[in-house]
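**Student:** The structure follows.
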Amino acid sequence: MSTTLQTALSGQIADAAAVAALTIASSESALDSSGAVTTKFILALASDPAKTELLELTENLDLSRADLISDLQVYLAETAKRLRNPRPDCYVTLHGLPLTFGKFSWPFHSSTSGADTLLVHGEIKLEDGTDSPLHAKISASMTVTFAEIVPAPEQPFAEAFIYNAVRKTMDQGQLELVKSGNRQPVPVTTRYYSRWQKKFTFNDTTAEQRHNYLAAKAYWLSGVLGERKPIWLADPRDAQYLNTTVEELKRTAEDLAADGVIRLCTDVEFGTPTDALMGHKAQYDAEVQAALTFIKPSFNEEMRGGHTNM
């Protein structure tokens with residue numbers, strides 16, 4: 001285990017983590033892709049130290065600002081709940097694709113091509129229980145102007161909307177899962193942010209879509225990937241992705257429980273799939289195949305054969 005760095009940043013993270021029932025298992029200095037010094041913290045769930053999360057921050061980040069420390073505390077509190085999931089790194093898209101998110105290199109760095117953009121690189125992978133090789137290397141970008149609405153271009157303040165922008169881009173068929181390939185762009189633009197409402201917006205969803213989404217989440221994250229262990233059904237990250245509220249997700253979960261689709265735990269924000277839901281394997285496998293077909297580039301066969309109107 002690395003020796004914990006005795007810096008002001010480490011002290012601030014340790015204090016904030018303790019409030020969220022997290023501990024710092026280790027920390028170490030590193031260099032980001034631009035050569036700037038960062039600190040990598042391994043955060044562990046106090047009640048289950050085997051459950052960990054990587055937090056990487058610029059070493060000279062000043063968390064004395066009230067807005068930054070407040071947002072950090074919210075991020076850590078959500079991280080603590082997400083770590084109770086059997087697969088904290090896994091998310092589901094509206095089209096039914098279960099994906100893991102990993103290898104993200106924080107914080108944002110300036111584009112080396114001269115463009116007025118900030119970038120963060122990562123990777124998503126199809127996680128359908130078959131050890132699929134399908135994945136996509138990601139290059140998420142935001143303009144310097146857009147970055148002005150973000151408190152800081154660091155992981156706790158950007159991870160949620162970056163992950164949701166990746167899912168939204170996948171929903172639009174603009175990312176392809178491949179066995180190998182170059183980085184694919186995920187532009188984060190003002191269309192994902194309402195300056196009037198001062199919040200991110202991704203997908204306008206109906207009650208039926210939210211019902212189907214949470215059922216799919218329970219099926220994949222608990223039933224297939226999580227040994228039927230409880231998952232967090234009221235994740236604010238999903239609420240942002242679905243353009244809804246945590247309270248609405250809780251109501252949706254209650255409806256699913258009443259319909260016999262899931263079982264709610266004592267902590268009603270968490271639940272597990274019922275045997276009835278797990279009996280829909282053919283349906284969920286078909287949804288994955290349909291989604292993979294949707295995101296696969298198609299070609300005009302007549303043009304491929306040289307038959308054009310030109």
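By convention here, the chains of the structure tokens are called A, B, ... in the order presented, each chain's residues are numbered starting at 1, and ligands are numbered starting at 1 in the order presented.
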DSSP on the backbone: what in region 30-159 of chain A comes out strand (DSSP E or B), as a ChimeraX atom specification?
**Tutor:** /A:30-31,37-45,48-58,90-92,98-110,117-126,135-143
**Student:** Fewer than 4 positions away in the same chain doesn't count, so skip those; otherwise give me all residues within 8 Å of region 19-32 of chain A, counting only C-alpha atoms, as a ChimeraX atom specification.
**Tutor:** /A:1-5,14-15,36-47,59,73,76-77,80,105-107
**Student:** Select from region 48-134 of chain A everything DSSP, run on the backbone, classes as helix (DSSP H, G or I), then give the selection as a list of chain:residue names.
**Tutor:**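 Everything in region 48-134 of chain A that counts as helix (DSSP H, G or I) is A:Ala66, A:Asp67, A:Leu68, A:Ile69, A:Ser70, A:Asp71, A:Leu72, A:Gln73, A:Val74, A:Tyr75, A:Leu76, A:Ala77, A:Glu78, A:Thr79, A:Ala80, A:Lys81, A:Arg82.
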**Student:** Within 9 Å of region 279-300 of chain A, which residues of region 217-275 of chain A show up? Give each one with its shortest atom-to-atom distance in Å (one decimal) and the two atoms involved, counting only C-alpha atoms, rows by chain then rising residue number, as CSV.
**Tutor:**
```
residue,atom,partner,partner_atom,distance
A:Tyr219,CA,A:Tyr284,CA,8.4
A:Trp220,CA,A:Tyr284,CA,8.7
A:Thr274,CA,A:Gly279,CA,8.8
A:Asp275,CA,A:Gly279,CA,6.2
```
**Student:** Now that the selection is made, can you save its residues with C-alpha atoms as a PDB file, in the first residue's frame?
**Tutor:**
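Below is the file part.pdb, written as the result:
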```pdb
ATOM      1  CA  TYR A 219     -31.866  -7.442 -14.191  1.00  0.00           C
ATOM      2  CA  TRP A 220     -28.324  -6.706 -15.366  1.00  0.00           C
ATOM      3  CA  THR A 274     -37.497 -11.210  -8.552  1.00  0.00           C
ATOM      4  CA  ASP A 275     -37.477 -14.635 -10.170  1.00  0.00           C
TER       5      ASP A 275
END
```
**Student:** Need to verify the contact set: Gly102 (chain A), 8 Å, only C-alpha atoms, exclusion of same-chain residues closer than 6 positions in sequence. Can you return it as a ChimeraX atom specification?
**Tutor:** /A:89,122-124
**Student:** I'd like to know which of A:Ala165, A:Leu99, A:Ser110, A:Arg87 is closest to Gly35 (chain A), using only C-alpha atoms.
**Tutor:** A:Ser110
**Student:** For region 172-188 of chain A, list every protein, DNA or RNA residue within 9 Å, evaluated using only C-alpha atoms, and leave out those in the same chain fewer than 2 positions away; present the list as a ChimeraX atom specification.
**Tutor:** /A:121-126,132-143,146,161-162,165-170,190-192,291-292,294-297
**Student:** Quick one: residues within 9 Å of Thr145 (chain A), only C-alpha atoms counted, chain neighbours fewer than 3 positions away excluded, as a ChimeraX atom specification?
**Tutor:** /A:116-117,142,148-149
**Student:** Mind pulling up the distance from CA of Glu154 (chain A) to CA of Val120 (chain A)?
**Tutor:**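 Between CA of Val120 (chain A) and CA of Glu154 (chain A) the gap works out to 9.7 Å.
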**Student:** List as a PDB file with all heavy atoms, in the first residue's frame the protein and nucleic acid residues near Leu72 (chain A), meaning an atom at most 12 Å away when only C-alpha atoms are counted, but skip any in the same chain fewer than 2 places from it.
**Tutor:**
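What ended up in selection.pdb:
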```
ATOM      1  N   GLN A  12      -7.944  17.480   3.410  1.00  0.00           N
ATOM      2  CA  GLN A  12      -9.301  17.878   3.025  1.00  0.00           C
ATOM      3  C   GLN A  12     -10.113  16.684   2.531  1.00  0.00           C
ATOM      4  O   GLN A  12     -11.286  16.532   2.859  1.00  0.00           O
ATOM      5  CB  GLN A  12      -9.237  18.964   1.948  1.00  0.00           C
ATOM      6  CG  GLN A  12      -8.693  20.294   2.447  1.00  0.00           C
ATOM      7  CD  GLN A  12      -8.402  21.261   1.301  1.00  0.00           C
ATOM      8  OE1 GLN A  12      -7.889  20.860   0.257  1.00  0.00           O
ATOM      9  NE2 GLN A  12      -8.707  22.534   1.507  1.00  0.00           N
ATOM     10  N   ILE A  13      -9.486  15.822   1.747  1.00  0.00           N
ATOM     11  CA  ILE A  13     -10.176  14.634   1.237  1.00  0.00           C
ATOM     12  C   ILE A  13     -10.501  13.683   2.379  1.00  0.00           C
ATOM     13  O   ILE A  13     -11.594  13.108   2.446  1.00  0.00           O
ATOM     14  CB  ILE A  13      -9.336  13.932   0.163  1.00  0.00           C
ATOM     15  CG1 ILE A  13      -9.153  14.843  -1.053  1.00  0.00           C
ATOM     16  CG2 ILE A  13      -9.991  12.618  -0.257  1.00  0.00           C
ATOM     17  CD1 ILE A  13     -10.444  15.247  -1.717  1.00  0.00           C
ATOM     18  N   ALA A  14      -9.558  13.504   3.298  1.00  0.00           N
ATOM     19  CA  ALA A  14      -9.788  12.603   4.429  1.00  0.00           C
ATOM     20  C   ALA A  14     -10.965  13.072   5.270  1.00  0.00           C
ATOM     21  O   ALA A  14     -11.811  12.271   5.678  1.00  0.00           O
ATOM     22  CB  ALA A  14      -8.526  12.500   5.282  1.00  0.00           C
ATOM     23  N   ASP A  15     -11.038  14.363   5.519  1.00  0.00           N
ATOM     24  CA  ASP A  15     -12.139  14.907   6.330  1.00  0.00           C
ATOM     25  C   ASP A  15     -13.479  14.719   5.618  1.00  0.00           C
ATOM     26  O   ASP A  15     -14.464  14.300   6.228  1.00  0.00           O
ATOM     27  CB  ASP A  15     -11.899  16.390   6.615  1.00  0.00           C
ATOM     28  CG  ASP A  15     -10.736  16.629   7.570  1.00  0.00           C
ATOM     29  OD1 ASP A  15     -10.317  15.662   8.251  1.00  0.00           O
ATOM     30  OD2 ASP A  15     -10.231  17.765   7.621  1.00  0.00           O
ATOM     31  N   ALA A  16     -13.503  15.050   4.319  1.00  0.00           N
ATOM     32  CA  ALA A  16     -14.750  14.925   3.568  1.00  0.00           C
ATOM     33  C   ALA A  16     -15.155  13.464   3.418  1.00  0.00           C
ATOM     34  O   ALA A  16     -16.340  13.125   3.485  1.00  0.00           O
ATOM     35  CB  ALA A  16     -14.600  15.581   2.193  1.00  0.00           C
ATOM     36  N   ALA A  17     -14.183  12.583   3.238  1.00  0.00           N
ATOM     37  CA  ALA A  17     -14.480  11.159   3.085  1.00  0.00           C
ATOM     38  C   ALA A  17     -15.064  10.585   4.362  1.00  0.00           C
ATOM     39  O   ALA A  17     -15.998   9.765   4.322  1.00  0.00           O
ATOM     40  CB  ALA A  17     -13.211  10.396   2.696  1.00  0.00           C
ATOM     41  N   VAL A  19     -16.931  11.994   6.543  1.00  0.00           N
ATOM     42  CA  VAL A  19     -18.343  12.378   6.651  1.00  0.00           C
ATOM     43  C   VAL A  19     -19.220  11.444   5.820  1.00  0.00           C
ATOM     44  O   VAL A  19     -20.365  11.143   6.184  1.00  0.00           O
ATOM     45  CB  VAL A  19     -18.531  13.845   6.193  1.00  0.00           C
ATOM     46  CG1 VAL A  19     -20.004  14.222   6.155  1.00  0.00           C
ATOM     47  CG2 VAL A  19     -17.767  14.790   7.112  1.00  0.00           C
ATOM     48  N   ALA A  20     -18.683  10.950   4.707  1.00  0.00           N
ATOM     49  CA  ALA A  20     -19.445  10.074   3.808  1.00  0.00           C
ATOM     50  C   ALA A  20     -19.257   8.590   4.140  1.00  0.00           C
ATOM     51  O   ALA A  20     -19.664   7.731   3.360  1.00  0.00           O
ATOM     52  CB  ALA A  20     -19.013  10.322   2.362  1.00  0.00           C
ATOM     53  N   LEU A  55     -10.099   8.026  -6.908  1.00  0.00           N
ATOM     54  CA  LEU A  55     -10.353   9.457  -7.059  1.00  0.00           C
ATOM     55  C   LEU A  55      -9.024  10.116  -7.393  1.00  0.00           C
ATOM     56  O   LEU A  55      -8.070  10.039  -6.619  1.00  0.00           O
ATOM     57  CB  LEU A  55     -10.923  10.041  -5.767  1.00  0.00           C
ATOM     58  CG  LEU A  55     -11.085  11.567  -5.721  1.00  0.00           C
ATOM     59  CD1 LEU A  55     -12.124  12.040  -6.737  1.00  0.00           C
ATOM     60  CD2 LEU A  55     -11.470  12.027  -4.312  1.00  0.00           C
ATOM     61  N   LEU A  57      -7.149  13.725  -8.423  1.00  0.00           N
ATOM     62  CA  LEU A  57      -7.309  15.182  -8.394  1.00  0.00           C
ATOM     63  C   LEU A  57      -5.970  15.858  -8.666  1.00  0.00           C
ATOM     64  O   LEU A  57      -4.912  15.337  -8.299  1.00  0.00           O
ATOM     65  CB  LEU A  57      -7.820  15.638  -7.021  1.00  0.00           C
ATOM     66  CG  LEU A  57      -9.177  15.111  -6.574  1.00  0.00           C
ATOM     67  CD1 LEU A  57      -9.407  15.445  -5.108  1.00  0.00           C
ATOM     68  CD2 LEU A  57     -10.288  15.709  -7.430  1.00  0.00           C
ATOM     69  N   ASP A  62      -7.447  23.663  -4.935  1.00  0.00           N
ATOM     70  CA  ASP A  62      -7.789  24.383  -3.702  1.00  0.00           C
ATOM     71  C   ASP A  62      -9.244  24.106  -3.344  1.00  0.00           C
ATOM     72  O   ASP A  62     -10.160  24.608  -3.992  1.00  0.00           O
ATOM     73  CB  ASP A  62      -7.551  25.885  -3.885  1.00  0.00           C
ATOM     74  CG  ASP A  62      -7.873  26.679  -2.628  1.00  0.00           C
ATOM     75  OD1 ASP A  62      -8.068  26.058  -1.567  1.00  0.00           O
ATOM     76  OD2 ASP A  62      -7.929  27.922  -2.714  1.00  0.00           O
ATOM     77  N   LEU A  63      -9.447  23.292  -2.321  1.00  0.00           N
ATOM     78  CA  LEU A  63     -10.809  22.956  -1.907  1.00  0.00           C
ATOM     79  C   LEU A  63     -11.327  23.867  -0.796  1.00  0.00           C
ATOM     80  O   LEU A  63     -12.315  23.549  -0.136  1.00  0.00           O
ATOM     81  CB  LEU A  63     -10.850  21.495  -1.425  1.00  0.00           C
ATOM     82  CG  LEU A  63     -10.697  20.439  -2.524  1.00  0.00           C
ATOM     83  CD1 LEU A  63     -10.615  19.051  -1.911  1.00  0.00           C
ATOM     84  CD2 LEU A  63     -11.842  20.515  -3.519  1.00  0.00           C
ATOM     85  N   SER A  64     -10.671  25.011  -0.616  1.00  0.00           N
ATOM     86  CA  SER A  64     -11.150  25.936   0.414  1.00  0.00           C
ATOM     87  C   SER A  64     -12.400  26.688  -0.035  1.00  0.00           C
ATOM     88  O   SER A  64     -13.114  27.253   0.796  1.00  0.00           O
ATOM     89  CB  SER A  64     -10.041  26.939   0.780  1.00  0.00           C
ATOM     90  OG  SER A  64      -9.691  27.733  -0.361  1.00  0.00           O
ATOM     91  N   ARG A  65     -12.674  26.688  -1.356  1.00  0.00           N
ATOM     92  CA  ARG A  65     -13.885  27.328  -1.862  1.00  0.00           C
ATOM     93  C   ARG A  65     -15.115  26.567  -1.376  1.00  0.00           C
ATOM     94  O   ARG A  65     -15.193  25.336  -1.470  1.00  0.00           O
ATOM     95  CB  ARG A  65     -13.871  27.363  -3.390  1.00  0.00           C
ATOM     96  CG  ARG A  65     -12.953  28.387  -3.992  1.00  0.00           C
ATOM     97  CD  ARG A  65     -12.804  28.200  -5.486  1.00  0.00           C
ATOM     98  NE  ARG A  65     -14.069  27.945  -6.174  1.00  0.00           N
ATOM     99  CZ  ARG A  65     -14.152  27.592  -7.456  1.00  0.00           C
ATOM    100  NH1 ARG A  65     -13.034  27.434  -8.167  1.00  0.00           N
ATOM    101  NH2 ARG A  65     -15.317  27.379  -8.019  1.00  0.00           N
ATOM    102  N   ALA A  66     -16.097  27.296  -0.874  1.00  0.00           N
ATOM    103  CA  ALA A  66     -17.283  26.660  -0.292  1.00  0.00           C
ATOM    104  C   ALA A  66     -18.039  25.825  -1.311  1.00  0.00           C
ATOM    105  O   ALA A  66     -18.538  24.738  -0.991  1.00  0.00           O
ATOM    106  CB  ALA A  66     -18.204  27.729   0.301  1.00  0.00           C
ATOM    107  N   ASP A  67     -18.130  26.313  -2.569  1.00  0.00           N
ATOM    108  CA  ASP A  67     -18.885  25.564  -3.569  1.00  0.00           C
ATOM    109  C   ASP A  67     -18.191  24.254  -3.927  1.00  0.00           C
ATOM    110  O   ASP A  67     -18.842  23.229  -4.148  1.00  0.00           O
ATOM    111  CB  ASP A  67     -19.116  26.410  -4.825  1.00  0.00           C
ATOM    112  CG  ASP A  67     -17.817  26.850  -5.486  1.00  0.00           C
ATOM    113  OD1 ASP A  67     -16.801  26.995  -4.775  1.00  0.00           O
ATOM    114  OD2 ASP A  67     -17.822  27.062  -6.721  1.00  0.00           O
ATOM    115  N   LEU A  68     -16.857  24.273  -3.948  1.00  0.00           N
ATOM    116  CA  LEU A  68     -16.129  23.058  -4.285  1.00  0.00           C
ATOM    117  C   LEU A  68     -16.258  22.008  -3.194  1.00  0.00           C
ATOM    118  O   LEU A  68     -16.511  20.835  -3.471  1.00  0.00           O
ATOM    119  CB  LEU A  68     -14.654  23.370  -4.535  1.00  0.00           C
ATOM    120  CG  LEU A  68     -14.307  24.173  -5.793  1.00  0.00           C
ATOM    121  CD1 LEU A  68     -12.791  24.216  -5.981  1.00  0.00           C
ATOM    122  CD2 LEU A  68     -14.961  23.590  -7.026  1.00  0.00           C
ATOM    123  N   ILE A  69     -16.077  22.396  -1.949  1.00  0.00           N
ATOM    124  CA  ILE A  69     -16.143  21.416  -0.868  1.00  0.00           C
ATOM    125  C   ILE A  69     -17.558  20.879  -0.727  1.00  0.00           C
ATOM    126  O   ILE A  69     -17.765  19.696  -0.425  1.00  0.00           O
ATOM    127  CB  ILE A  69     -15.636  22.011   0.463  1.00  0.00           C
ATOM    128  CG1 ILE A  69     -15.335  20.886   1.468  1.00  0.00           C
ATOM    129  CG2 ILE A  69     -16.592  23.024   1.033  1.00  0.00           C
ATOM    130  CD1 ILE A  69     -14.230  19.960   1.069  1.00  0.00           C
ATOM    131  N   SER A  70     -18.568  21.719  -0.992  1.00  0.00           N
ATOM    132  CA  SER A  70     -19.958  21.259  -0.928  1.00  0.00           C
ATOM    133  C   SER A  70     -20.237  20.212  -1.999  1.00  0.00           C
ATOM    134  O   SER A  70     -20.821  19.157  -1.724  1.00  0.00           O
ATOM    135  CB  SER A  70     -20.910  22.443  -1.081  1.00  0.00           C
ATOM    136  OG  SER A  70     -22.254  22.004  -1.123  1.00  0.00           O
ATOM    137  N   VAL A  74     -21.096  16.048  -1.685  1.00  0.00           N
ATOM    138  CA  VAL A  74     -22.205  15.364  -2.362  1.00  0.00           C
ATOM    139  C   VAL A  74     -21.668  14.192  -3.185  1.00  0.00           C
ATOM    140  O   VAL A  74     -22.219  13.085  -3.149  1.00  0.00           O
ATOM    141  CB  VAL A  74     -22.980  16.350  -3.264  1.00  0.00           C
ATOM    142  CG1 VAL A  74     -23.974  15.597  -4.155  1.00  0.00           C
ATOM    143  CG2 VAL A  74     -23.712  17.381  -2.423  1.00  0.00           C
ATOM    144  N   TYR A  75     -20.579  14.429  -3.918  1.00  0.00           N
ATOM    145  CA  TYR A  75     -19.976  13.380  -4.734  1.00  0.00           C
ATOM    146  C   TYR A  75     -19.552  12.189  -3.882  1.00  0.00           C
ATOM    147  O   TYR A  75     -19.804  11.025  -4.247  1.00  0.00           O
ATOM    148  CB  TYR A  75     -18.771  13.951  -5.487  1.00  0.00           C
ATOM    149  CG  TYR A  75     -17.955  12.917  -6.227  1.00  0.00           C
ATOM    150  CD1 TYR A  75     -18.322  12.495  -7.501  1.00  0.00           C
ATOM    151  CD2 TYR A  75     -16.812  12.357  -5.649  1.00  0.00           C
ATOM    152  CE1 TYR A  75     -17.579  11.542  -8.181  1.00  0.00           C
ATOM    153  CE2 TYR A  75     -16.064  11.398  -6.329  1.00  0.00           C
ATOM    154  CZ  TYR A  75     -16.451  11.001  -7.595  1.00  0.00           C
ATOM    155  OH  TYR A  75     -15.720  10.048  -8.257  1.00  0.00           O
ATOM    156  N   LEU A  76     -18.920  12.447  -2.753  1.00  0.00           N
ATOM    157  CA  LEU A  76     -18.445  11.361  -1.900  1.00  0.00           C
ATOM    158  C   LEU A  76     -19.603  10.610  -1.253  1.00  0.00           C
ATOM    159  O   LEU A  76     -19.548   9.376  -1.113  1.00  0.00           O
ATOM    160  CB  LEU A  76     -17.498  11.907  -0.833  1.00  0.00           C
ATOM    161  CG  LEU A  76     -16.166  12.461  -1.360  1.00  0.00           C
ATOM    162  CD1 LEU A  76     -15.343  13.061  -0.217  1.00  0.00           C
ATOM    163  CD2 LEU A  76     -15.362  11.374  -2.058  1.00  0.00           C
ATOM    164  N   ALA A  77     -20.655  11.326  -0.872  1.00  0.00           N
ATOM    165  CA  ALA A  77     -21.822  10.662  -0.295  1.00  0.00           C
ATOM    166  C   ALA A  77     -22.462   9.731  -1.321  1.00  0.00           C
ATOM    167  O   ALA A  77     -22.881   8.612  -0.991  1.00  0.00           O
ATOM    168  CB  ALA A  77     -22.835  11.699   0.191  1.00  0.00           C
ATOM    169  N   GLU A  78     -22.547  10.189  -2.575  1.00  0.00           N
ATOM    170  CA  GLU A  78     -23.099   9.333  -3.629  1.00  0.00           C
ATOM    171  C   GLU A  78     -22.162   8.164  -3.921  1.00  0.00           C
ATOM    172  O   GLU A  78     -22.616   7.042  -4.169  1.00  0.00           O
ATOM    173  CB  GLU A  78     -23.338  10.161  -4.896  1.00  0.00           C
ATOM    174  CG  GLU A  78     -24.456  11.185  -4.750  1.00  0.00           C
ATOM    175  CD  GLU A  78     -24.650  12.016  -6.007  1.00  0.00           C
ATOM    176  OE1 GLU A  78     -23.947  11.743  -7.017  1.00  0.00           O
ATOM    177  OE2 GLU A  78     -25.485  12.934  -5.991  1.00  0.00           O
ATOM    178  N   THR A  79     -20.858   8.411  -3.885  1.00  0.00           N
ATOM    179  CA  THR A  79     -19.892   7.341  -4.110  1.00  0.00           C
ATOM    180  C   THR A  79     -20.057   6.240  -3.065  1.00  0.00           C
ATOM    181  O   THR A  79     -20.004   5.044  -3.384  1.00  0.00           O
ATOM    182  CB  THR A  79     -18.459   7.894  -4.066  1.00  0.00           C
ATOM    183  OG1 THR A  79     -18.269   8.793  -5.164  1.00  0.00           O
ATOM    184  CG2 THR A  79     -17.419   6.775  -4.160  1.00  0.00           C
ATOM    185  N   PRO A 151     -17.709  23.798 -11.867  1.00  0.00           N
ATOM    186  CA  PRO A 151     -16.922  24.386 -10.777  1.00  0.00           C
ATOM    187  C   PRO A 151     -15.420  24.203 -10.940  1.00  0.00           C
ATOM    188  O   PRO A 151     -14.644  25.099 -10.655  1.00  0.00           O
ATOM    189  CB  PRO A 151     -17.441  23.651  -9.538  1.00  0.00           C
ATOM    190  CG  PRO A 151     -18.836  23.251  -9.893  1.00  0.00           C
ATOM    191  CD  PRO A 151     -18.795  22.940 -11.364  1.00  0.00           C
ATOM    192  N   ALA A 152     -15.006  23.026 -11.431  1.00  0.00           N
ATOM    193  CA  ALA A 152     -13.592  22.748 -11.700  1.00  0.00           C
ATOM    194  C   ALA A 152     -13.539  21.553 -12.648  1.00  0.00           C
ATOM    195  O   ALA A 152     -14.377  20.653 -12.553  1.00  0.00           O
ATOM    196  CB  ALA A 152     -12.832  22.447 -10.406  1.00  0.00           C
ATOM    197  N   GLU A 154     -12.428  18.744 -12.799  1.00  0.00           N
ATOM    198  CA  GLU A 154     -11.908  17.621 -12.020  1.00  0.00           C
ATOM    199  C   GLU A 154     -12.984  16.547 -11.860  1.00  0.00           C
ATOM    200  O   GLU A 154     -14.182  16.804 -12.029  1.00  0.00           O
ATOM    201  CB  GLU A 154     -11.460  18.107 -10.630  1.00  0.00           C
ATOM    202  CG  GLU A 154     -10.462  19.258 -10.643  1.00  0.00           C
ATOM    203  CD  GLU A 154      -9.011  18.772 -10.669  1.00  0.00           C
ATOM    204  OE1 GLU A 154      -8.788  17.565 -10.478  1.00  0.00           O
ATOM    205  OE2 GLU A 154      -8.113  19.616 -10.868  1.00  0.00           O
ATOM    206  N   GLN A 155     -12.579  15.365 -11.503  1.00  0.00           N
ATOM    207  CA  GLN A 155     -13.455  14.206 -11.445  1.00  0.00           C
ATOM    208  C   GLN A 155     -14.741  14.413 -10.640  1.00  0.00           C
ATOM    209  O   GLN A 155     -15.839  14.111 -11.141  1.00  0.00           O
ATOM    210  CB  GLN A 155     -12.670  13.008 -10.883  1.00  0.00           C
ATOM    211  CG  GLN A 155     -13.465  11.710 -10.834  1.00  0.00           C
ATOM    212  CD  GLN A 155     -12.625  10.551 -10.313  1.00  0.00           C
ATOM    213  OE1 GLN A 155     -11.412  10.678 -10.122  1.00  0.00           O
ATOM    214  NE2 GLN A 155     -13.262   9.420 -10.084  1.00  0.00           N
ATOM    215  N   PRO A 156     -14.686  14.910  -9.397  1.00  0.00           N
ATOM    216  CA  PRO A 156     -15.932  14.993  -8.620  1.00  0.00           C
ATOM    217  C   PRO A 156     -16.974  15.937  -9.212  1.00  0.00           C
ATOM    218  O   PRO A 156     -18.174  15.779  -8.945  1.00  0.00           O
ATOM    219  CB  PRO A 156     -15.460  15.517  -7.255  1.00  0.00           C
ATOM    220  CG  PRO A 156     -14.001  15.240  -7.211  1.00  0.00           C
ATOM    221  CD  PRO A 156     -13.525  15.365  -8.620  1.00  0.00           C
ATOM    222  N   PHE A 157     -16.526  16.893 -10.012  1.00  0.00           N
ATOM    223  CA  PHE A 157     -17.426  17.918 -10.516  1.00  0.00           C
ATOM    224  C   PHE A 157     -17.873  17.664 -11.956  1.00  0.00           C
ATOM    225  O   PHE A 157     -18.705  18.397 -12.484  1.00  0.00           O
ATOM    226  CB  PHE A 157     -16.748  19.289 -10.416  1.00  0.00           C
ATOM    227  CG  PHE A 157     -16.023  19.481  -9.111  1.00  0.00           C
ATOM    228  CD1 PHE A 157     -14.634  19.494  -9.070  1.00  0.00           C
ATOM    229  CD2 PHE A 157     -16.725  19.596  -7.926  1.00  0.00           C
ATOM    230  CE1 PHE A 157     -13.957  19.634  -7.866  1.00  0.00           C
ATOM    231  CE2 PHE A 157     -16.058  19.743  -6.718  1.00  0.00           C
ATOM    232  CZ  PHE A 157     -14.671  19.760  -6.689  1.00  0.00           C
ATOM    233  N   ALA A 158     -17.326  16.627 -12.581  1.00  0.00           N
ATOM    234  CA  ALA A 158     -17.625  16.386 -13.997  1.00  0.00           C
ATOM    235  C   ALA A 158     -17.963  14.939 -14.324  1.00  0.00           C
ATOM    236  O   ALA A 158     -18.539  14.673 -15.376  1.00  0.00           O
ATOM    237  CB  ALA A 158     -16.437  16.828 -14.858  1.00  0.00           C
ATOM    238  N   GLU A 159     -17.637  14.008 -13.449  1.00  0.00           N
ATOM    239  CA  GLU A 159     -17.804  12.593 -13.777  1.00  0.00           C
ATOM    240  C   GLU A 159     -19.247  12.250 -14.147  1.00  0.00           C
ATOM    241  O   GLU A 159     -19.492  11.529 -15.122  1.00  0.00           O
ATOM    242  CB  GLU A 159     -17.347  11.721 -12.613  1.00  0.00           C
ATOM    243  CG  GLU A 159     -17.346  10.235 -12.932  1.00  0.00           C
ATOM    244  CD  GLU A 159     -16.842   9.405 -11.768  1.00  0.00           C
ATOM    245  OE1 GLU A 159     -17.630   9.183 -10.815  1.00  0.00           O
ATOM    246  OE2 GLU A 159     -15.664   9.002 -11.797  1.00  0.00           O
TER     247      GLU A 159
END
```
**Student:** Which residue gives the smallest distance to Ala147 (chain A) among A:Leu118, A:Val246, A:Ala239, A:Ala18, with only C-alpha atoms counted?
**Tutor:**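 Using only C-alpha atoms, the shortest distance to Ala147 (chain A) belongs to A:Leu118.
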**Student:** By how many Å are CA of Lys198 (chain A) and CA of Glu248 (chain A) apart?
**Tutor:**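 Value for the CA of Lys198 (chain A)-CA of Glu248 (chain A) distance: 19.5 Å.
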